[in-house]
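See structure below.
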Amino acid sequence: MKNIVCLDGFTLNPGDNPWGSLTELGNFTCYDRTTEGTEQVIERSKEAHILLTNKTVISKEVIDACPNLKGIAVLATGFNVVDVHYAKDKNIPVMNVPIYGTDTVAEMVFAHLFQLARNVSKNSDDVREQLGWTNNQDWTYWLNPQIELAGKTIGIVGFGNIGQRVGEIANAFRMNVIAHDDYAKMTPSYPHKLVDLDTVLSESDFVSLHCPAVENTLNIINQETIAKMKPSAFLINTSRGQLVEESDLAQALNEERLAGAGLDTLWQEPPASDNPLLQAKNCFVTPHIAWATLDARQRIMATVTENVRSLIQGNPKNIVN
């Protein structure tokens with residue numbers, strides 16, 4: 001029997017997404033969380049044949065401390081927490097979950113988009129908690145500009161599976177869809193235009209980020225690129241926090257050089273209490289929940305189980321190294 005050790009399983013299964021399918025494949029041990037730093041990671045990993053990780057770093061030192069290690073399964077799409085090159089040198093496959101959240105993340109984009117465009121929560125809270133409607137002299141009022149989506153332009157930076165799904169939903173709302181992607185191989189059939197990044201920034205009423213955090217995209221949203229956006233535009237980021245220079249965005253929001261932002265991910269997670277975006281004007285921050293529907297987490301569980309099973313059977317799937 002293989003020893004299968006999960007180092008940080010709580011976010012995938014906080015109680016509603018059972019590990020049963022994995023327990024059938026070997027001696028399965030799951031820790032809710034593992035303290036950052038090498039010591040506890042090594043102590044919990046050293047007897048493992050297969051390691052599962054979400055955000056716990058699997059470094060060269062950890063790999064060297066695990067003489068029986070045959071494979072590493074990441075409980076996510078991103079695999080930067082694993083030293084994949086060293087794992088390859090040691091003939092240890094690293095597997096990820098390539099596609100699981102296209103719909104659920106795209107839907108979260110529109111949760112933020114509607115919050116920015118209509119702010120149902122603010123107006124509802126005023127009616128319920130402040131009796132704003134009860135005490136109002138008119139039959140209607142609103143606490144923020146009410147924005148119609150039809151005819152507005154959404155600019156999508158990164159036009160892969162999720163970006164294209166966002167465009168499809170936007171198209172159903174009769175929005176104009178423009179997108180930028182240097183590597184797009186296939187494009188959808190619905191109306192859209194592929195343009196350069198400057199055009200996306202300058203022409204969009206909503207800019208939605210859907211690219212990986214790599215060398216040429218780190219802080220792609222910064223003081224210079226924000227200056228190219230309309231002051232009335234909104235930024236939405238459900239992709240990677242590292243795409244945004246946070247102090248530049250906060251300053252632009254506070255100075256009303258940008259109308260608002262909806263962010264589901266930040267550079268540091270959890271964020272420091274002094275992160276300027278937590279107090280910035282018209283900035284809505286959610287705690288990295290775009291991926292977290294039960295439907296999506298069940299798909300992750302199924303794919304991870306299949307990855308582990310395929311590894312045990314000698315034909316590992318979804319190898320990233």
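A note on labels: chains of the structure tokens are A, B, ... as shown, every chain counts residues from 1, and ligands are counted from 1 in their shown order.
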
Exercise. Near range 215-217 of chain A, within 12 Å and counting only C-alpha atoms, which residues show up once chain neighbours fewer than 6 positions away are dropped, as number ranges by chain?
Worked result: A: 157-158, 181-182, 197, 209, 225, 239-245

Write the residues of the selection above to a file with C-alpha atoms, as a PDB file, in the first residue's frame.
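Saved to out.pdb:
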ATOM      1  CA  VAL A 157      -6.681  40.198 -20.684  1.00  0.00           C
ATOM      2  CA  GLY A 158      -5.897  36.536 -21.208  1.00  0.00           C
ATOM      3  CA  ASP A 181      -3.777  37.349 -25.580  1.00  0.00           C
ATOM      4  CA  ASP A 182      -0.335  36.863 -27.109  1.00  0.00           C
ATOM      5  CA  LEU A 197      -3.221  45.543 -24.573  1.00  0.00           C
ATOM      6  CA  LEU A 209      -7.764  39.780 -15.881  1.00  0.00           C
ATOM      7  CA  THR A 225      -1.212  51.079 -17.464  1.00  0.00           C
ATOM      8  CA  SER A 239      -6.833  35.434 -11.696  1.00  0.00           C
ATOM      9  CA  ARG A 240      -3.587  36.134  -9.807  1.00  0.00           C
ATOM     10  CA  GLY A 241      -2.864  38.878  -7.284  1.00  0.00           C
ATOM     11  CA  GLN A 242       0.620  39.285  -8.730  1.00  0.00           C
ATOM     12  CA  LEU A 243      -0.854  40.898 -11.831  1.00  0.00           C
ATOM     13  CA  VAL A 244      -1.573  44.121  -9.918  1.00  0.00           C
ATOM     14  CA  GLU A 245       0.734  46.673  -8.326  1.00  0.00           C
TER      15      GLU A 245
END

Which residues of range 117-136 of chain A have any atom within 12 Å of an atom in range 270-291 of chain A when counting only C-alpha atoms, and what is the closest pair of atoms for each, with the distance in Å to one decimal? Order the rows by chain and rising number and write it as CSV.
residue,atom,partner,partner_atom,distance
A:Ala117,CA,A:Asn282,CA,11.0
A:Asn119,CA,A:Asn282,CA,10.1
A:Ser121,CA,A:Phe284,CA,11.3
A:Lys122,CA,A:Asn282,CA,11.1

Exercise. For Asp64 in chain A, which of A:Leu52, A:Leu131, A:Ala87, A:Leu253 is the closest residue, counting only C-alpha atoms?
Worked result: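 Of A:Leu52, A:Leu131, A:Ala87, A:Leu253, the one nearest Asp64 in chain A, counting only C-alpha atoms, is A:Ala87.
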
Exercise. Any idea what the distance is between CA of Gly163 in chain A and CA of Ala111 in chain A?
Worked result: 15.1 Å

Exercise. What lies within 12 Å of Val166 in chain A using only C-alpha atoms, ignoring chain neighbours under 5 positions off, as a ChimeraX atom specification?
Worked result: /A:102-111,113,154-161,171-173,175-179,188,190,192,206-210,236,238

Those selected residues, please, written with C-alpha atoms and delivered as a tab-separated table (two decimals), in the first residue's frame.
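And here is the file that came out, out_32.tsv:
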chain	number	residue	atom	x	y	z
A	102	THR	CA	-14.04	27.64	-16.05
A	103	ASP	CA	-17.70	28.28	-15.27
A	104	THR	CA	-17.35	28.95	-11.57
A	105	VAL	CA	-14.58	31.55	-11.99
A	106	ALA	CA	-16.32	33.22	-14.92
A	107	GLU	CA	-19.48	33.49	-12.83
A	108	MET	CA	-17.49	35.16	-10.05
A	109	VAL	CA	-16.32	37.78	-12.53
A	110	PHE	CA	-19.94	38.76	-13.02
A	111	ALA	CA	-20.65	38.70	-9.30
A	113	LEU	CA	-19.12	43.12	-12.16
A	154	ILE	CA	-15.52	44.48	-21.52
A	155	GLY	CA	-11.82	44.00	-22.13
A	156	ILE	CA	-10.42	40.58	-21.31
A	157	VAL	CA	-6.68	40.20	-20.68
A	158	GLY	CA	-5.90	36.54	-21.21
A	159	PHE	CA	-8.26	34.77	-23.60
A	160	GLY	CA	-7.99	31.15	-22.55
A	161	ASN	CA	-10.79	28.91	-21.30
A	171	ASN	CA	-22.01	38.66	-25.10
A	172	ALA	CA	-25.30	37.37	-23.69
A	173	PHE	CA	-25.61	40.69	-21.84
A	175	MET	CA	-21.72	43.82	-24.15
A	176	ASN	CA	-18.96	44.49	-26.66
A	177	VAL	CA	-16.13	41.99	-26.15
A	178	ILE	CA	-12.50	42.83	-26.85
A	179	ALA	CA	-9.57	40.72	-25.70
A	188	PRO	CA	-14.73	31.53	-29.97
A	190	TYR	CA	-19.35	34.76	-30.74
A	192	HIS	CA	-15.33	39.65	-30.31
A	206	PHE	CA	-14.63	46.85	-17.51
A	207	VAL	CA	-11.22	45.18	-17.64
A	208	SER	CA	-11.09	41.55	-16.47
A	209	LEU	CA	-7.76	39.78	-15.88
A	210	HIS	CA	-7.34	36.12	-16.82
A	236	ILE	CA	-11.80	42.94	-12.05
A	238	THR	CA	-10.11	36.78	-10.35

For this session: Would you return as a VMD selection string the members of range 11-44 of chain A that DSSP assigns to strand (DSSP E) on this structure's backbone?
Result: chain A and resid 27 to 30

Can you spit out the residues from that selection as a short mmCIF file (atom, residue, chain, number, x, y, z; two decimals), in the first residue's frame, using C-alpha atoms?
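Result file is selection-v7.cif:
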data_model
loop_
_atom_site.label_atom_id
_atom_site.label_comp_id
_atom_site.auth_asym_id
_atom_site.auth_seq_id
_atom_site.Cartn_x
_atom_site.Cartn_y
_atom_site.Cartn_z
CA ASN A 27 -2.75 4.65 3.45
CA PHE A 28 -4.16 8.15 3.34
CA THR A 29 -3.26 10.85 5.85
CA CYS A 30 -4.64 14.36 5.58
#

Exercise. Near Val84 in chain A, counting only C-alpha atoms, which residues have an atom at most 7 Å away, once you skip same-chain residues fewer than 2 positions from it, shown as a count of residues only?
Worked result: 6

Exercise. So which one's closest to Ala292 in chain A, A:Glu47, A:Asn3, A:Ser189, A:Ala76? Using only C-alpha atoms, please.
Worked result: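 Closest to Ala292 in chain A of all the choices is A:Ala76.
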
For this session: Tell me, as a PyMOL selection string, which residues lie within 6 Å of Ala259 in chain A, counting only C-alpha atoms; anything in the same chain fewer than 3 positions away does not count.
Result: chain A and resi 231-234

Exercise. Can you tell me, as a list in words, what residues are no more than 12 Å from Ala65 in chain A when counting only C-alpha atoms, ignoring any on the same chain fewer than 6 positions away?
Worked result: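 Residues meeting the cut-off are Thr38, Glu39, Gln40, Val41, Ile42, Glu43, Arg44, Ser45, Lys46, Glu47, Ala48, His49, Ile58 and Ser59 of chain A.
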
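Taking CA of Ser204 in chain A as the reference point, CA of Met186 in chain A is found at 22.3 Å.
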
For this session: Give me the residues within 12 Å of Gly78 in chain A as JSON, numbers by chain, counting only C-alpha atoms and dropping any in the same chain fewer than 4 places off.
Result: {"A": [53, 54, 55, 73, 74, 82, 84, 94, 95, 96, 97, 98, 99, 100, 211, 212, 213, 214, 239, 240, 320]}

Requested write-out: C-alpha atoms of the selected residues, as a CSV table (one decimal), in the first residue's frame:
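Result saved to selection.csv:
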chain,number,residue,atom,x,y,z
A,53,THR,CA,-0.3,19.9,-1.7
A,54,ASN,CA,-2.3,23.0,-2.4
A,55,LYS,CA,-0.2,25.9,-1.2
A,73,ALA,CA,-0.2,15.9,-6.9
A,74,VAL,CA,-1.2,19.5,-6.7
A,82,VAL,CA,6.6,22.7,-6.2
A,84,VAL,CA,9.1,21.0,-10.6
A,94,VAL,CA,4.3,16.5,-10.7
A,95,MET,CA,0.6,16.4,-11.6
A,96,ASN,CA,-2.0,19.3,-11.5
A,97,VAL,CA,-5.7,19.8,-12.1
A,98,PRO,CA,-5.7,21.6,-15.5
A,99,ILE,CA,-9.3,22.5,-15.9
A,100,TYR,CA,-12.0,22.5,-13.3
A,211,CYS,CA,-3.6,35.5,-17.4
A,212,PRO,CA,-1.0,33.6,-15.4
A,213,ALA,CA,1.5,35.4,-13.2
A,214,VAL,CA,4.7,35.0,-15.2
A,239,SER,CA,-6.8,35.4,-11.7
A,240,ARG,CA,-3.6,36.1,-9.8
A,320,VAL,CA,3.5,19.4,-15.7

Problem set entry | Filtered DSSP result for range 221-300 of chain A, state alpha helix (DSSP H), as a list in words | Gln223, Glu224, Thr225, Ile226, Glu246, Ser247, Asp248, Leu249, Ala250, Gln251, Ala252, Leu253, Asn254, Leu294, Asp295, Ala296, Arg297, Gln298, Arg299 and Ile300 of chain A

I need the chosen residues saved as a PDB file, in the first residue's frame, with N, CA and C atoms.
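The file below, selection31.pdb, is the result:
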ATOM      1  N   GLN A 223       0.835  51.932 -12.343  1.00  0.00           N
ATOM      2  CA  GLN A 223       0.533  53.358 -12.535  1.00  0.00           C
ATOM      3  C   GLN A 223       0.466  53.724 -14.014  1.00  0.00           C
ATOM      4  N   GLU A 224       1.384  53.183 -14.797  1.00  0.00           N
ATOM      5  CA  GLU A 224       1.431  53.518 -16.230  1.00  0.00           C
ATOM      6  C   GLU A 224       0.233  52.949 -16.982  1.00  0.00           C
ATOM      7  N   THR A 225      -0.106  51.681 -16.721  1.00  0.00           N
ATOM      8  CA  THR A 225      -1.212  51.079 -17.464  1.00  0.00           C
ATOM      9  C   THR A 225      -2.565  51.590 -16.971  1.00  0.00           C
ATOM     10  N   ILE A 226      -2.668  51.886 -15.684  1.00  0.00           N
ATOM     11  CA  ILE A 226      -3.914  52.466 -15.168  1.00  0.00           C
ATOM     12  C   ILE A 226      -4.190  53.811 -15.832  1.00  0.00           C
ATOM     13  N   GLU A 246      -0.354  46.782  -6.177  1.00  0.00           N
ATOM     14  CA  GLU A 246      -1.473  47.109  -5.295  1.00  0.00           C
ATOM     15  C   GLU A 246      -1.470  48.565  -4.846  1.00  0.00           C
ATOM     16  N   SER A 247      -0.326  49.126  -4.535  1.00  0.00           N
ATOM     17  CA  SER A 247      -0.285  50.518  -4.083  1.00  0.00           C
ATOM     18  C   SER A 247      -0.701  51.464  -5.203  1.00  0.00           C
ATOM     19  N   ASP A 248      -0.323  51.136  -6.452  1.00  0.00           N
ATOM     20  CA  ASP A 248      -0.721  51.975  -7.588  1.00  0.00           C
ATOM     21  C   ASP A 248      -2.228  51.931  -7.797  1.00  0.00           C
ATOM     22  N   LEU A 249      -2.811  50.746  -7.680  1.00  0.00           N
ATOM     23  CA  LEU A 249      -4.258  50.627  -7.855  1.00  0.00           C
ATOM     24  C   LEU A 249      -4.993  51.359  -6.746  1.00  0.00           C
ATOM     25  N   ALA A 250      -4.559  51.186  -5.508  1.00  0.00           N
ATOM     26  CA  ALA A 250      -5.216  51.861  -4.382  1.00  0.00           C
ATOM     27  C   ALA A 250      -5.164  53.372  -4.547  1.00  0.00           C
ATOM     28  N   GLN A 251      -4.029  53.885  -4.966  1.00  0.00           N
ATOM     29  CA  GLN A 251      -3.895  55.332  -5.151  1.00  0.00           C
ATOM     30  C   GLN A 251      -4.829  55.819  -6.252  1.00  0.00           C
ATOM     31  N   ALA A 252      -4.902  55.074  -7.352  1.00  0.00           N
ATOM     32  CA  ALA A 252      -5.781  55.466  -8.456  1.00  0.00           C
ATOM     33  C   ALA A 252      -7.244  55.464  -8.020  1.00  0.00           C
ATOM     34  N   LEU A 253      -7.640  54.494  -7.225  1.00  0.00           N
ATOM     35  CA  LEU A 253      -9.013  54.443  -6.737  1.00  0.00           C
ATOM     36  C   LEU A 253      -9.300  55.598  -5.793  1.00  0.00           C
ATOM     37  N   ASN A 254      -8.385  55.868  -4.889  1.00  0.00           N
ATOM     38  CA  ASN A 254      -8.589  56.941  -3.910  1.00  0.00           C
ATOM     39  C   ASN A 254      -8.598  58.321  -4.556  1.00  0.00           C
ATOM     40  N   LEU A 294     -18.833  24.168  -4.425  1.00  0.00           N
ATOM     41  CA  LEU A 294     -18.729  22.731  -4.183  1.00  0.00           C
ATOM     42  C   LEU A 294     -18.585  21.970  -5.487  1.00  0.00           C
ATOM     43  N   ASP A 295     -19.288  22.415  -6.519  1.00  0.00           N
ATOM     44  CA  ASP A 295     -19.196  21.741  -7.817  1.00  0.00           C
ATOM     45  C   ASP A 295     -17.751  21.712  -8.308  1.00  0.00           C
ATOM     46  N   ALA A 296     -17.076  22.862  -8.230  1.00  0.00           N
ATOM     47  CA  ALA A 296     -15.696  22.940  -8.700  1.00  0.00           C
ATOM     48  C   ALA A 296     -14.771  22.109  -7.821  1.00  0.00           C
ATOM     49  N   ARG A 297     -14.982  22.161  -6.503  1.00  0.00           N
ATOM     50  CA  ARG A 297     -14.108  21.397  -5.609  1.00  0.00           C
ATOM     51  C   ARG A 297     -14.309  19.895  -5.781  1.00  0.00           C
ATOM     52  N   GLN A 298     -15.510  19.486  -6.113  1.00  0.00           N
ATOM     53  CA  GLN A 298     -15.734  18.063  -6.402  1.00  0.00           C
ATOM     54  C   GLN A 298     -15.000  17.650  -7.675  1.00  0.00           C
ATOM     55  N   ARG A 299     -14.948  18.541  -8.655  1.00  0.00           N
ATOM     56  CA  ARG A 299     -14.190  18.228  -9.871  1.00  0.00           C
ATOM     57  C   ARG A 299     -12.700  18.112  -9.561  1.00  0.00           C
ATOM     58  N   ILE A 300     -12.203  18.999  -8.688  1.00  0.00           N
ATOM     59  CA  ILE A 300     -10.801  18.895  -8.287  1.00  0.00           C
ATOM     60  C   ILE A 300     -10.546  17.546  -7.623  1.00  0.00           C
TER      61      ILE A 300
END
